[in-house]
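> Structure supplied as final_21.cif; contents: mmCIF, C-alpha atoms.
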```
data_coords
loop_
_atom_site.label_atom_id
_atom_site.label_comp_id
_atom_site.auth_asym_id
_atom_site.auth_seq_id
_atom_site.Cartn_x
_atom_site.Cartn_y
_atom_site.Cartn_z
CA MET A 8 9.03 2.30 18.81
CA ASN A 9 6.97 2.21 21.97
CA MET A 10 4.58 -0.71 21.48
CA GLU A 11 2.51 0.40 24.47
CA LYS A 12 1.55 3.71 22.88
CA THR A 13 -2.24 3.97 22.78
CA TYR A 14 -4.60 4.93 20.00
CA ALA A 15 -6.26 8.33 20.42
CA GLY A 16 -9.13 8.20 22.87
CA SER A 17 -8.62 4.55 23.77
CA ASP A 18 -6.31 2.13 25.53
CA TYR A 19 -5.68 0.19 22.31
CA THR A 20 -1.93 -0.17 22.01
CA ILE A 21 0.28 -0.72 18.99
CA ALA A 22 0.98 -4.20 20.36
CA ASP A 23 -2.78 -4.87 20.48
CA ARG A 24 -3.11 -3.80 16.86
CA MET A 25 -0.31 -6.07 15.71
CA ASN A 26 -1.91 -8.98 17.59
CA ASP A 27 -5.22 -8.23 15.87
CA ALA A 28 -3.75 -8.08 12.36
CA PRO A 29 -4.84 -11.64 11.45
CA ASN A 30 -8.40 -10.88 12.50
CA MET A 31 -8.43 -7.61 10.59
CA LEU A 32 -7.70 -9.62 7.45
CA ASN A 33 -10.64 -11.86 8.29
CA LEU A 34 -12.97 -8.86 8.38
CA ASP A 35 -12.12 -7.32 5.02
CA LEU A 36 -9.23 -5.96 3.00
CA TYR A 37 -6.99 -3.59 4.93
CA GLY A 38 -5.60 -0.60 3.08
CA LEU A 39 -2.17 0.90 3.17
CA TRP A 40 -4.13 4.12 3.70
CA ASP A 41 -5.34 2.65 7.00
CA VAL A 42 -1.84 1.59 7.97
CA VAL A 43 -0.57 5.14 7.50
CA ALA A 44 -3.61 6.82 9.05
CA THR A 45 -3.62 4.70 12.19
CA GLY A 46 0.06 5.37 12.73
CA ARG A 47 0.07 9.07 11.98
CA GLU A 48 -3.30 10.14 13.32
CA GLY A 49 -4.27 7.33 15.67
CA TYR A 50 -0.98 6.86 17.48
CA GLY A 51 0.47 10.28 16.68
CA LEU A 52 3.68 8.86 15.24
CA ARG A 53 6.07 10.97 13.21
CA ASP A 54 9.29 10.53 11.23
CA HIS A 55 11.27 7.36 11.97
CA GLU A 56 8.65 6.09 14.41
CA LEU A 57 5.98 6.31 11.73
CA ARG A 58 8.25 4.60 9.21
CA ASP A 59 8.98 1.83 11.71
CA TYR A 60 5.25 1.45 12.34
CA VAL A 61 4.38 1.22 8.63
CA HIS A 62 7.13 -1.35 8.11
CA LEU A 63 6.09 -3.41 11.11
CA TYR A 64 2.39 -3.31 10.31
CA VAL A 65 2.90 -4.32 6.67
CA LYS A 66 5.24 -7.10 7.74
CA THR A 67 2.72 -8.28 10.32
CA LEU A 68 -0.17 -8.28 7.85
CA VAL A 69 1.83 -10.31 5.34
CA SER A 70 3.11 -12.66 8.06
CA ALA A 71 -0.53 -13.20 9.03
CA GLY A 72 -1.27 -14.51 5.55
CA GLY A 73 -2.09 -11.30 3.73
CA ILE A 74 -1.11 -10.60 0.15
CA VAL A 75 -0.73 -7.24 -1.54
CA ILE A 76 -3.64 -6.25 -3.78
CA GLU A 77 -4.24 -3.22 -5.94
CA VAL A 78 -7.20 -1.66 -7.72
CA GLY A 79 -7.93 -3.55 -10.92
CA PRO A 80 -9.13 -2.22 -14.27
CA ALA A 81 -12.64 -0.76 -14.13
CA ASP A 82 -13.83 -2.92 -17.02
CA ARG A 83 -13.09 -6.19 -15.21
CA ASP A 84 -15.26 -7.92 -12.67
CA ARG A 85 -12.73 -7.77 -9.84
CA PHE A 86 -12.35 -4.54 -7.89
CA TRP A 87 -8.98 -5.66 -6.56
CA VAL A 88 -6.30 -7.87 -8.08
CA ALA A 89 -3.14 -9.40 -6.65
CA ALA A 90 0.01 -7.29 -6.96
CA ALA A 91 2.69 -9.95 -7.09
CA ARG A 92 5.54 -7.57 -7.84
CA TYR A 93 5.97 -6.78 -4.13
CA GLY A 94 7.08 -10.34 -3.50
CA SER A 95 5.75 -12.68 -0.86
CA LEU A 96 8.23 -12.66 2.00
CA PRO A 97 6.97 -10.39 4.77
CA HIS A 98 10.22 -8.48 5.17
CA GLU A 99 10.68 -8.12 1.43
CA VAL A 100 7.15 -6.78 0.96
CA ALA A 101 7.51 -4.38 3.89
CA ASP A 102 10.87 -3.09 2.63
CA THR A 103 9.54 -2.44 -0.88
CA ILE A 104 6.34 -0.75 0.21
CA LEU A 105 8.06 1.38 2.80
CA SER A 106 10.71 2.55 0.36
CA GLU A 107 8.08 3.48 -2.24
CA TRP A 108 6.00 5.34 0.32
CA VAL A 109 9.05 7.21 1.59
CA ALA A 110 10.07 8.04 -1.98
CA PHE A 111 6.68 9.65 -2.51
CA GLY A 112 7.16 11.87 0.52
CA GLU A 113 5.36 9.74 3.13
CA PRO A 114 1.90 11.07 2.25
CA SER A 115 -1.41 10.34 3.91
CA LEU A 116 -3.25 8.22 1.38
CA PRO A 117 -6.78 8.43 0.01
CA PRO A 118 -8.89 5.41 0.93
CA TYR A 119 -9.69 2.61 -1.50
CA GLU A 120 -6.99 3.57 -3.95
CA GLY A 121 -3.46 2.31 -4.38
CA ILE A 122 -2.70 -0.90 -2.52
CA ALA A 123 -4.20 -2.92 0.29
CA PHE A 124 -3.78 -6.26 2.01
CA ALA A 125 -6.17 -9.18 2.03
CA ARG A 126 -6.30 -12.91 2.38
CA PRO A 127 -5.63 -14.64 -0.97
CA ALA A 128 -9.21 -15.96 -1.05
CA PHE A 129 -10.54 -12.40 -1.12
CA VAL A 130 -9.43 -11.86 -4.72
CA ASP A 131 -11.82 -14.48 -6.07
CA SER A 132 -14.56 -13.88 -3.51
CA GLU A 133 -17.98 -12.45 -4.19
CA ASP A 134 -17.07 -9.47 -2.02
CA ASN A 135 -14.58 -8.53 -4.72
CA SER A 136 -16.99 -8.96 -7.62
CA ARG A 137 -18.62 -5.98 -9.33
CA ALA A 138 -21.41 -8.26 -10.57
CA TRP A 139 -22.15 -9.48 -7.06
CA HIS A 140 -22.26 -5.95 -5.69
CA ARG A 141 -24.51 -4.78 -8.51
CA ALA A 142 -26.91 -7.56 -7.64
CA ASN A 143 -26.67 -7.04 -3.88
CA ARG A 144 -26.98 -3.34 -3.22
CA PRO A 145 -27.70 -2.44 0.40
CA PRO A 146 -31.44 -2.15 1.01
CA LYS A 147 -32.86 1.34 1.27
CA ILE A 148 -33.31 2.16 4.93
CA LEU A 149 -35.17 5.44 4.53
CA MET B 21 9.58 -2.38 -22.87
CA ASN B 22 9.01 -3.22 -19.23
CA SER B 23 6.65 -1.03 -17.29
CA PRO B 24 8.10 0.66 -14.24
CA PRO B 25 6.96 -0.71 -10.90
CA CYS B 26 3.83 0.85 -9.52
CA ALA B 27 4.00 2.84 -6.34
CA PRO B 28 1.79 1.62 -3.51
CA ILE B 29 0.09 4.97 -3.49
CA SER B 30 -0.86 5.12 -7.13
CA LYS B 31 -4.37 4.52 -8.40
CA HIS B 32 -3.38 2.51 -11.41
CA CYS B 33 -0.36 0.66 -12.63
CA GLY B 34 1.43 1.20 -15.90
CA SER B 35 2.14 4.94 -16.02
CA SER B 36 5.34 5.82 -17.76
CA ALA B 37 6.65 8.18 -15.14
CA SER B 38 6.57 8.45 -11.39
CA ALA B 39 5.34 12.01 -11.80
CA ALA B 40 2.15 10.58 -13.20
CA ASN B 41 1.70 8.55 -10.05
CA THR B 42 2.32 11.63 -7.97
CA ARG B 43 -0.50 13.37 -9.75
CA GLN B 44 -2.76 10.40 -9.23
CA ILE B 45 -2.45 10.44 -5.48
CA SER B 46 -3.40 14.06 -5.17
CA THR B 47 -6.97 15.24 -5.24
CA PRO B 48 -6.59 18.62 -6.93
CA HIS B 49 -10.22 19.60 -6.50
CA GLN B 50 -10.26 18.94 -2.82
CA PRO B 51 -7.92 20.90 -0.56
CA ARG B 52 -6.00 19.24 2.24
CA ASP B 53 -4.89 20.55 5.58
CA GLU B 54 -1.32 20.60 6.82
CA TRP B 55 -1.44 16.88 7.62
CA GLY B 56 -2.68 15.97 4.19
CA ARG B 57 -6.21 15.32 5.37
CA TRP B 58 -9.12 16.28 3.18
CA THR B 59 -10.83 19.50 4.08
CA ASP B 60 -13.67 21.61 2.83
CA GLY B 61 -11.37 24.52 2.12
CA ASP B 62 -13.36 27.72 2.24
CA ARG B 63 -16.55 26.17 1.01
CA ASP B 64 -19.62 27.19 2.94
CA ASP B 65 -22.51 24.93 2.10
CA SER B 66 -24.80 26.82 4.41
CA LEU B 67 -24.92 29.59 1.82
CA GLU B 68 -25.36 27.49 -1.28
CA ASP B 69 -29.06 28.01 -1.76
CA ILE B 70 -29.34 31.56 -0.55
CA PRO B 71 -30.97 33.69 -3.28
CA ASP B 72 -29.45 36.60 -5.10
CA GLU B 73 -29.40 39.66 -2.87
CA SER B 74 -31.04 41.67 -5.60
CA ASP B 75 -34.19 39.65 -5.23
CA VAL B 76 -35.96 41.77 -2.67
CA GLU B 77 -38.85 39.44 -2.01
CA LEU B 78 -36.67 36.44 -1.41
CA THR B 79 -34.35 38.46 0.77
CA ALA B 80 -37.30 39.56 2.84
CA PHE B 81 -38.52 35.97 3.03
CA ARG B 82 -35.12 34.86 4.21
CA SER B 83 -34.98 37.51 6.88
CA ARG B 84 -38.41 36.44 8.20
CA PHE B 85 -38.07 32.69 7.98
CA GLY B 86 -34.35 32.07 7.79
CA PHE B 87 -34.37 30.84 11.38
CA LEU B 88 -36.24 27.76 10.19
CA ARG B 89 -33.16 26.54 8.40
CA GLY B 90 -31.45 26.00 11.70
CA LEU B 91 -34.35 23.88 12.92
CA PHE B 92 -34.23 21.54 9.96
CA ALA B 93 -30.52 21.52 9.23
CA PRO B 94 -29.00 18.02 9.34
CA ARG B 95 -26.85 17.32 12.39
CA LYS B 96 -23.13 17.61 11.92
CA SER B 97 -21.41 14.34 11.07
CA GLU B 98 -19.18 14.64 14.10
CA ASP B 99 -22.20 14.94 16.41
CA ILE B 100 -23.70 11.82 14.86
CA LEU B 101 -20.57 9.68 14.81
CA MET B 102 -19.06 11.02 18.02
CA PRO B 103 -21.89 11.94 20.39
CA ASN B 104 -20.44 13.65 23.48
CA GLY B 105 -17.01 13.41 21.89
CA ARG B 106 -16.91 9.61 22.02
CA LEU B 107 -17.03 7.30 19.03
CA ILE B 108 -20.38 5.63 18.55
CA GLY B 109 -20.71 1.93 19.39
CA GLN B 110 -18.23 -0.49 20.88
CA GLN B 111 -14.84 -1.73 19.81
CA TYR B 112 -15.31 -5.39 19.07
CA ARG B 113 -12.65 -7.77 20.27
CA GLY B 114 -10.03 -8.32 17.59
CA ALA B 115 -10.90 -5.18 15.63
CA GLY B 116 -9.06 -1.89 15.58
CA ALA B 117 -10.11 1.04 17.76
CA GLU B 118 -11.51 2.82 14.70
CA ILE B 119 -13.84 -0.08 13.86
CA ARG B 120 -17.04 0.08 15.87
CA THR B 121 -19.95 -2.26 16.34
CA VAL B 122 -23.53 -1.21 17.04
CA THR B 123 -26.89 -2.94 17.18
CA ARG B 124 -28.96 -3.32 14.03
CA SER B 125 -31.42 -0.63 15.13
CA GLU B 126 -28.56 1.74 16.00
CA PHE B 127 -27.04 1.06 12.61
CA ASP B 128 -30.27 1.88 10.78
CA ALA B 129 -30.72 5.05 12.83
CA LEU B 130 -27.13 6.05 12.15
CA TYR B 131 -27.54 5.58 8.42
CA LYS B 132 -30.78 7.54 8.44
CA GLN B 133 -29.17 10.46 10.23
CA LEU B 134 -26.11 10.48 8.00
CA HIS B 135 -28.23 10.19 4.89
CA GLU B 136 -30.28 13.30 5.73
CA GLY B 137 -29.30 16.01 3.32
CA ALA B 138 -26.61 13.84 1.75
CA ARG B 139 -26.22 13.43 -1.98
CA PRO B 140 -24.73 10.48 -3.85
CA VAL B 141 -21.26 11.09 -5.25
CA SER B 142 -18.84 8.88 -7.10
CA GLY B 143 -16.56 6.97 -4.78
CA PRO B 144 -12.94 5.83 -5.02
CA THR B 145 -12.23 3.27 -7.71
CA GLY B 146 -11.66 0.46 -5.23
CA TYR B 147 -14.71 1.12 -3.09
CA ARG B 148 -17.39 -1.57 -3.29
CA GLY B 149 -20.38 0.45 -2.21
CA GLN B 150 -22.30 3.69 -2.51
CA VAL B 151 -20.75 6.98 -1.42
CA PHE B 152 -22.68 10.03 -0.20
CA GLU B 153 -21.55 13.52 0.64
CA ARG B 154 -23.15 15.37 3.52
CA ARG B 155 -23.61 19.11 3.65
CA ASP B 156 -20.70 19.45 6.06
CA GLY B 157 -18.43 17.88 3.43
CA ILE B 158 -18.03 14.47 5.06
CA GLN B 159 -18.23 11.63 2.57
CA PHE B 160 -19.47 8.35 3.91
CA GLY B 161 -19.97 5.02 2.23
CA LEU B 162 -22.41 2.20 2.69
CA ARG B 163 -21.42 -1.20 1.42
CA ILE B 164 -22.61 -4.70 1.84
CA SER B 165 -20.33 -7.66 2.27
CA HIS B 166 -21.12 -11.26 1.49
CA ASP B 167 -19.78 -12.40 4.85
CA SER B 168 -19.87 -9.38 7.13
CA GLY B 169 -23.14 -7.64 6.29
CA GLN B 170 -23.39 -3.89 5.97
CA THR B 171 -20.73 -1.35 6.84
CA ILE B 172 -20.87 2.41 7.08
CA GLU B 173 -17.52 4.11 6.79
CA VAL B 174 -16.09 7.57 6.51
CA ILE B 175 -14.46 7.91 3.12
CA GLY B 176 -13.38 11.56 3.07
CA GLY B 177 -14.05 15.15 3.96
CA ASN B 178 -12.82 17.06 6.92
CA THR B 179 -12.32 14.24 9.36
CA LYS B 180 -10.23 16.16 11.87
CA ASN B 181 -11.87 14.54 14.88
CA ILE B 182 -13.30 11.45 13.24
CA PRO B 183 -10.55 8.87 12.79
CA ARG B 184 -9.57 8.05 9.24
CA GLY B 185 -10.69 4.53 8.45
CA PHE B 186 -13.67 4.88 10.79
CA LYS B 187 -16.10 2.01 10.15
CA VAL B 188 -19.34 0.94 11.77
CA HIS B 189 -20.76 -2.59 11.57
CA PHE B 190 -23.71 -4.12 13.31
CA ARG B 191 -24.22 -7.46 14.99
#
```
Written as structure tokens, that's how I'd like the structure from this file.

Amino acid sequence: MNMEKTYAGSDYTIADRMNDAPNMLNLDLYGLWDVVATGREGYGLRDHELRDYVHLYVKTLVSAGGIVIEVGPADRDRFWVAAARYGSLPHEVADTILSEWVAFGEPSLPPYEGIAFARPAFVDSEDNSRAWHRANRPPKIL
Amino acid sequence: MNSPPCAPISKHCGSSASAANTRQISTPHQPRDEWGRWTDGDRDDSLEDIPDESDVELTAFRSRFGFLRGLFAPRKSEDILMPNGRLIGQQYRGAGAEIRTVTRSEFDALYKQLHEGARPVSGPTGYRGQVFERRDGIQFGLRISHDSGQTIEVIGGNTKNIPRGFKVHFR
């Protein structure tokens, strides 16, 4: 994979994105849907290059301290819960997720469904609490 | 009996067959283009409130004053988010190219423009904010974060030119 390939309309390379992975986890959760979309649509990757990208990006996110999370039950307070079944070793997690995604036909994924990556502290944070979000709706701007 | 492992692309864990997960990832009511991106299909919102042709008076009214619709129609999402073909705002250091930062006043103006003519819709299960659908089919979300403040992001719709995962913050 060409790490110097740039994101559509910018000079932001794949190498830049991998370097920024730790910071992305500081900003918010990062979805597998984003991993796939940035590779396929942002960098225009296809086939084995896209698979390599997904594997590398997942591995990088986990190496940077991310854990795999998934949407939790709607009747619980937490939007997202840890998905421990993917393991914790970066390569192991990347292998499992890539093989599942390939088995499903390498689809583009709808946002905020399925799995994502976040720092472990996110799971118990207020940002992940339905109660907190109910109490802190964005102010009306209109 | 042990549950089968969940696929990373499924909404929920615990289905008894992978076929169930396959169904969960699709959005049967919303067509996709050849790349799997959400599209509007053949829907034409511009016609949604046009009266029955048999109503002569309303048809006459439309023919006289229909031009006004163009004057008051909300701007297209792409024109708002990508003025002159360039993504709004700046890429902040350490964030992806699809994550943009604007000033507070730009953020408020952006939300106002996007919100014009938009209606609230239910969002994805893991989304922690409010989702709106614009008349051009773009769905955008507004959420507030304990640490990062407010974020506007494109959730769905025909995002052919707007990058998937597009987010706007302010500082």
> In Å to one decimal, how far is CA of Thr145 (chain B) from CA of Leu39 (chain A)?
15.0 Å
> Determine the residue membership of the PyMOL selection byres ((chain B and resi 128) around 12) for the file above and supply it as a PDB file with C-alpha atoms, keeping the file's coordinate frame.

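For reference, out_0.pdb as written:
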```pdb
ATOM      1  CA  PRO A 145     -27.700  -2.440   0.400  1.00  0.00           C
ATOM      2  CA  PRO A 146     -31.440  -2.150   1.010  1.00  0.00           C
ATOM      3  CA  LYS A 147     -32.860   1.340   1.270  1.00  0.00           C
ATOM      4  CA  ILE A 148     -33.310   2.160   4.930  1.00  0.00           C
ATOM      5  CA  LEU A 149     -35.170   5.440   4.530  1.00  0.00           C
TER       6      LEU A 149
ATOM      7  CA  VAL B 122     -23.530  -1.210  17.040  1.00  0.00           C
ATOM      8  CA  THR B 123     -26.890  -2.940  17.180  1.00  0.00           C
ATOM      9  CA  ARG B 124     -28.960  -3.320  14.030  1.00  0.00           C
ATOM     10  CA  SER B 125     -31.420  -0.630  15.130  1.00  0.00           C
ATOM     11  CA  GLU B 126     -28.560   1.740  16.000  1.00  0.00           C
ATOM     12  CA  PHE B 127     -27.040   1.060  12.610  1.00  0.00           C
ATOM     13  CA  ALA B 129     -30.720   5.050  12.830  1.00  0.00           C
ATOM     14  CA  LEU B 130     -27.130   6.050  12.150  1.00  0.00           C
ATOM     15  CA  TYR B 131     -27.540   5.580   8.420  1.00  0.00           C
ATOM     16  CA  LYS B 132     -30.780   7.540   8.440  1.00  0.00           C
ATOM     17  CA  GLN B 133     -29.170  10.460  10.230  1.00  0.00           C
ATOM     18  CA  LEU B 134     -26.110  10.480   8.000  1.00  0.00           C
ATOM     19  CA  HIS B 135     -28.230  10.190   4.890  1.00  0.00           C
ATOM     20  CA  LEU B 162     -22.410   2.200   2.690  1.00  0.00           C
ATOM     21  CA  GLN B 170     -23.390  -3.890   5.970  1.00  0.00           C
ATOM     22  CA  THR B 171     -20.730  -1.350   6.840  1.00  0.00           C
ATOM     23  CA  ILE B 172     -20.870   2.410   7.080  1.00  0.00           C
ATOM     24  CA  VAL B 188     -19.340   0.940  11.770  1.00  0.00           C
ATOM     25  CA  HIS B 189     -20.760  -2.590  11.570  1.00  0.00           C
ATOM     26  CA  PHE B 190     -23.710  -4.120  13.310  1.00  0.00           C
ATOM     27  CA  ARG B 191     -24.220  -7.460  14.990  1.00  0.00           C
TER      28      ARG B 191
END
```
> Given the choices B:Ile182, B:Ile158, B:Val141, B:Ala115, which gets closest to chain A if the distance is worked out from all atoms listed in the file?
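Checking each of B:Ile182, B:Ile158, B:Val141, B:Ala115 against chain A, counting all atoms listed in the file, the winner is B:Ala115.
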> Specify as a ChimeraX atom specification each residue included when the PyMOL selection byres ((chain A) within 8 of (chain B)) is applied to this file.
/A:14,16-17,19,24,27,30-31,34,39,41,44-45,48-49,77-81,86-87,92,104,107-108,111,114-122,133-135,137,140,143-145,148-149
> Quick one: pull the distance between CA of Ala110 (chain A) and CA of Val88 (chain A), Å, one decimal.
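Atom-to-atom, CA of Ala110 (chain A) and CA of Val88 (chain A) are spaced 23.6 Å apart.
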> Carefully work through the PyMOL selection byres ((chain A and resi 98-103) around 10) for this structure and note down the residues it includes, as a ChimeraX atom specification.
/A:61-70,74-75,91-97,104-109 /B:27-28
> Record the distance separating CA of Ala128 (chain A) and CA of Thr20 (chain A), expressed in Å with one decimal.
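So the two atoms, CA of Ala128 (chain A) and CA of Thr20 (chain A), lie 28.9 Å apart.
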> Ranking B:Thr121, B:Ile100, B:Phe160, B:Thr179 by minimum distance to Arg139 (chain B) and counting only C-alpha atoms, which one comes first?
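Distance minimum relative to Arg139 (chain B) lands on B:Phe160.
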> Measuring between all atoms listed in the file, which one of A:Ala138, A:Val130, A:Leu52, A:Glu113 shows the shortest distance to Ala15 (chain A)?
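Smallest separation from Ala15 (chain A) among the options: A:Leu52.
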> Select, from A:Glu11, A:Ile21, A:Asp131, A:Pro29, the residue with the minimum atom-to-atom distance to Gly72 (chain A), counting all atoms listed in the file.
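Smallest separation from Gly72 (chain A) among the options: A:Pro29.
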> Nearest residue to Gly112 (chain A) out of A:Arg141, A:Arg58, A:Arg85, A:Arg126, using only C-alpha atoms?
A:Arg58
